[in-house]
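Participant: Before I ask anything, let me first share the structure, which is written out below as structure tokens.
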Protein chains: 2
Amino acid sequence: MAEILIAEHAGFCFGVRRAINLAEESLSTMEPGKELYSMGPLIHNPQEVKRLEEKGLRMLTHEDELSQNSVVLVRSHGIPPQKERELLSKGVRVVDATCPFVKAVHEAVVKLSKEGYFVVLIGEKDHPEVIGTLGYLQECGGRGVVVESRDDLREVLGKDKVGIVAQTTQNEQFFKEVVGEIALWAREVKIINTICNATSERQEDVYQLAPQVDVMIVIGGKNSGNTRRLYQIAKSLNPNSYHIETSEELKKEWFNGVRKVGITAGASTPDWVIQSVVQRVKALTD
Amino acid sequence: MAEILIAEHAGFCFGVRRAINLAEESLSTMEPGKELYSMGPLIHNPQEVKRLEEKGLRMLTHEDELSQNSVVLVRSHGIPPQKERELLSKGVRVVDATCPFVKAVHEAVVKLSKEGYFVVLIGEKDHPEVIGTLGYLQECGGRGVVVESRDDLREVLGKDKVGIVAQTTQNEQFFKEVVGEIALWAREVKIINTICNATSERQEDVYQLAPQVDVMIVIGGKNSGNTRRLYQIAKSLNPNSYHIETSEELKKEWFNGVRKVGITAGASTPDWVIQSVVQRVKALTD
């Protein structure tokens with residue numbers, strides 16, 4: 001049996017745990033006739049979403065479905081303030097599970113805008129957290145751009161005062177590069193580092209773990225940005241790295257002659273998914 | 001004869017040219033009995049200093065030499081404000097040739113301190129420009145540290161609000177790295193990029209030129225920080241790079257079979273020194 005090393009910081013982060021607790025609490029105290037909707041998958045983990053759906057959580061597909069009997073759960077990613085007002089105007093109740101670290105990004109862009117900075121949000125353009133944050137930037141009349149790749153830096157050229165924040169789960173290496181680049185052009189740069197601790201810790205674990213194992217397994221939703229970044233880091237350090245959602249995806253041939261297996265998981269991977277991967281790796285390396 | 005490519009931005013920068021003009025102007029309008037002293041070599045170029053000394057400029061060795069008949073020329077690097085007051089209190093006249101870009105660094109550290117930032121000055125600890133800037137930081141009661149190498153970053157660990165400036169002639173690559181690193185630790189970082197344009201342009205020229213020539217010659221005082229950094233960049237891109245002060249140091253064996261020679265010069269290298277190097281390279285590759 002191969003030796004299995006599990007990253008110290010793997011799986012649920014504070015914000016995700018809090019959102020799930022809020023969902024379970026709301027479901028268990030729901031008045032008769034009322035229904036709890038999640039706007040988009042509560043977390044980027046299909047297995048956990050399914051578990052909550054079995055407890056009664058509904059996924060909102062069209063806002064037309066909402067009535068005064070609806071309770072809407074805002075997930076940890078947050079939503080734009082315009083969207084929140086729209087929901088409230090429909091008479092629905094809102095349970096806000098926005099991660100406090102994401103709220104800090106909202107506050108940071110507003111603060112930077114008010115201080116006259118052109119805002120650079122280092123993150124994924126299509127990520128719900130980024131869309132929510134841009135809503136706050138728009139709300140306060142600020143100007144800015146999302147930087148997802150170096151190409152996006154063109155929009156920052158010629159800006160005199162640049163304020164920088166990051167999506168909470170941003171890659172630290174990319175953050176460093178972008179910050180350094182902008183600091184060379186702009187006259188004045190103010191940075192509020194909004195990458196959350198859980199993200200830094202998880203990424204640092206992978207930097208340590210991936211090079212010392214024969215195979216590195218990264219568990220997490222294929223649509224989870226923070227998991228994809230863990231996988232990118234792992235792959236850059238160890239070619240035998242794999243990104244899976246569940247233990248069923250593990251392949252026997254990955255483990256031929258393998259002595260050490262590293263395992264980590266994105267912020268929205270429940271512990272029971274990690275445990276089932278561990279068991280399956282044990283069986284495959286027997 | 002080898003092809004000689006001279007960097008577009010080589011030699012005297014604005015601040016150095018201004019200091020030399022101020023020195024020559026002061027010398028030519030000096031009242032009888034008065035003497036012009038420079039505090040330290042006016043520029044980091046022994047040949048140019050010698051030329052000015054022949055015109056009457058004296059190098060201050062002990063401050064006891066100063067009297068009410070002395071005029072002190074503050075060179076482009078600037079001096080601490082405490083030192084300026086001391087000079088004025090002796091009744092000497094001060095001609096201030098501090099480079100305006102260096103004055104901007106003084107203002108930046110004071111501004112950042114007043115805004116509550118712990119100041120990081122990316123530069124050389126023993127460089128007169130850095131010593132002058134630290135005087136301004138001390139004067140306003142600010143706290144900070146000079147970062148010359150990555151080891152110095154330890155002093156910045158745990159600082160919550162960090163303000164960053166650079167010595168005007170700092171290496172851009174090192175500046176980027178330090179800025180990126182600090183932005184990952186600190187909660188809030190404000191950067192005022194005080195690297196002067198002349199420095200950026202000269203460094204960019206070397207990045208372009210050094211890889212495309214057989215031999216790269218960097219001219220400038222051995223005690224000139226900006227020249228040493230040009231040489232480090234050149235050497236990292238082309239192993240056949242040499243740092244010289246004058247054409248006498250050129251060696252025949254550097255040019256065996258050489259077809260293309262690149263030449264650049266630090267901010268305090270006079271044009272006549274560059275021209276004499278060009279002539280000597282032509283002769284050696286004949």
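Just so we're on the same page: first chain in the structure tokens is A, next is B, and so on; residues restart at 1 for each chain, and ligands are numbered from 1 in the order they show up.
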With a cut-off of 9 Å, could you pull out the residues of chain B touching chain A and give me the nearest pair of atoms for each, distance in Å to one decimal, using only C-alpha atoms, ordered by chain and ascending number, as a tab-separated table?

Facilitator:
residue	atom	partner	partner_atom	distance
B:Gly163	CA	A:Lys190	CA	8.8
B:Glu172	CA	A:Leu184	CA	7.2
B:Gln173	CA	A:Gly180	CA	8.6
B:Phe175	CA	A:Gly180	CA	7.5
B:Lys176	CA	A:Gly180	CA	4.1
B:Glu177	CA	A:Gly180	CA	6.4
B:Val178	CA	A:Gly180	CA	8.0
B:Val179	CA	A:Gly180	CA	5.7
B:Gly180	CA	A:Lys176	CA	4.1
B:Glu181	CA	A:Lys176	CA	6.5
B:Ile182	CA	A:Lys176	CA	8.8
B:Ala183	CA	A:Asn193	CA	6.5
B:Leu184	CA	A:Asn193	CA	6.5
B:Trp185	CA	A:Asn193	CA	7.9
B:Ala186	CA	A:Asn193	CA	7.2
B:Arg187	CA	A:Asn193	CA	5.6
B:Glu188	CA	A:Ile192	CA	4.6
B:Val189	CA	A:Ile191	CA	4.9
B:Lys190	CA	A:Lys190	CA	4.2
B:Ile191	CA	A:Val189	CA	4.9
B:Ile192	CA	A:Glu188	CA	4.6
B:Asn193	CA	A:Arg187	CA	5.6
B:Thr194	CA	A:Arg187	CA	7.9
B:Ile195	CA	A:Leu184	CA	8.3

Participant: Considering only C-alpha atoms, return as JSON, numbers by chain whatever protein or nucleic-acid residues lie within 12 Å of Gln47 of chain A, sequence-local ones (same chain, fewer than 5 positions apart) excluded.

Facilitator: {"A": [41, 42, 52, 53, 54, 219, 220, 221, 222, 245, 246, 247, 268, 269, 270, 271, 272, 273, 274]}

Participant: Going by DSSP on the backbone, which bits of segment 92-125 of chain B are strand (DSSP E)? Write them as a list in words, please.

Facilitator: Arg93, Val94, Val95, Asp96, Phe118, Val119, Val120, Leu121 and Ile122 of chain B

Participant: Can you tell me which residues surround segment 67-76 of chain A at a distance of at most 9 Å, considering only C-alpha atoms, apart from same-chain residues fewer than 3 positions away, and format the answer as an MDAnalysis selection string?

Facilitator: chainID A and resid 15:16 18:20 22:23 26 30 33:43 60 64 79 84 87 90:100 102 129

Participant: Extract the full set of helix (DSSP H, G or I) residues from segment 45-212 of chain A according to DSSP on the backbone, and format it as a ChimeraX atom specification.

Facilitator: /A:46-54,63-65,81-89,100-114,128-139,150-156,172-185,197-212
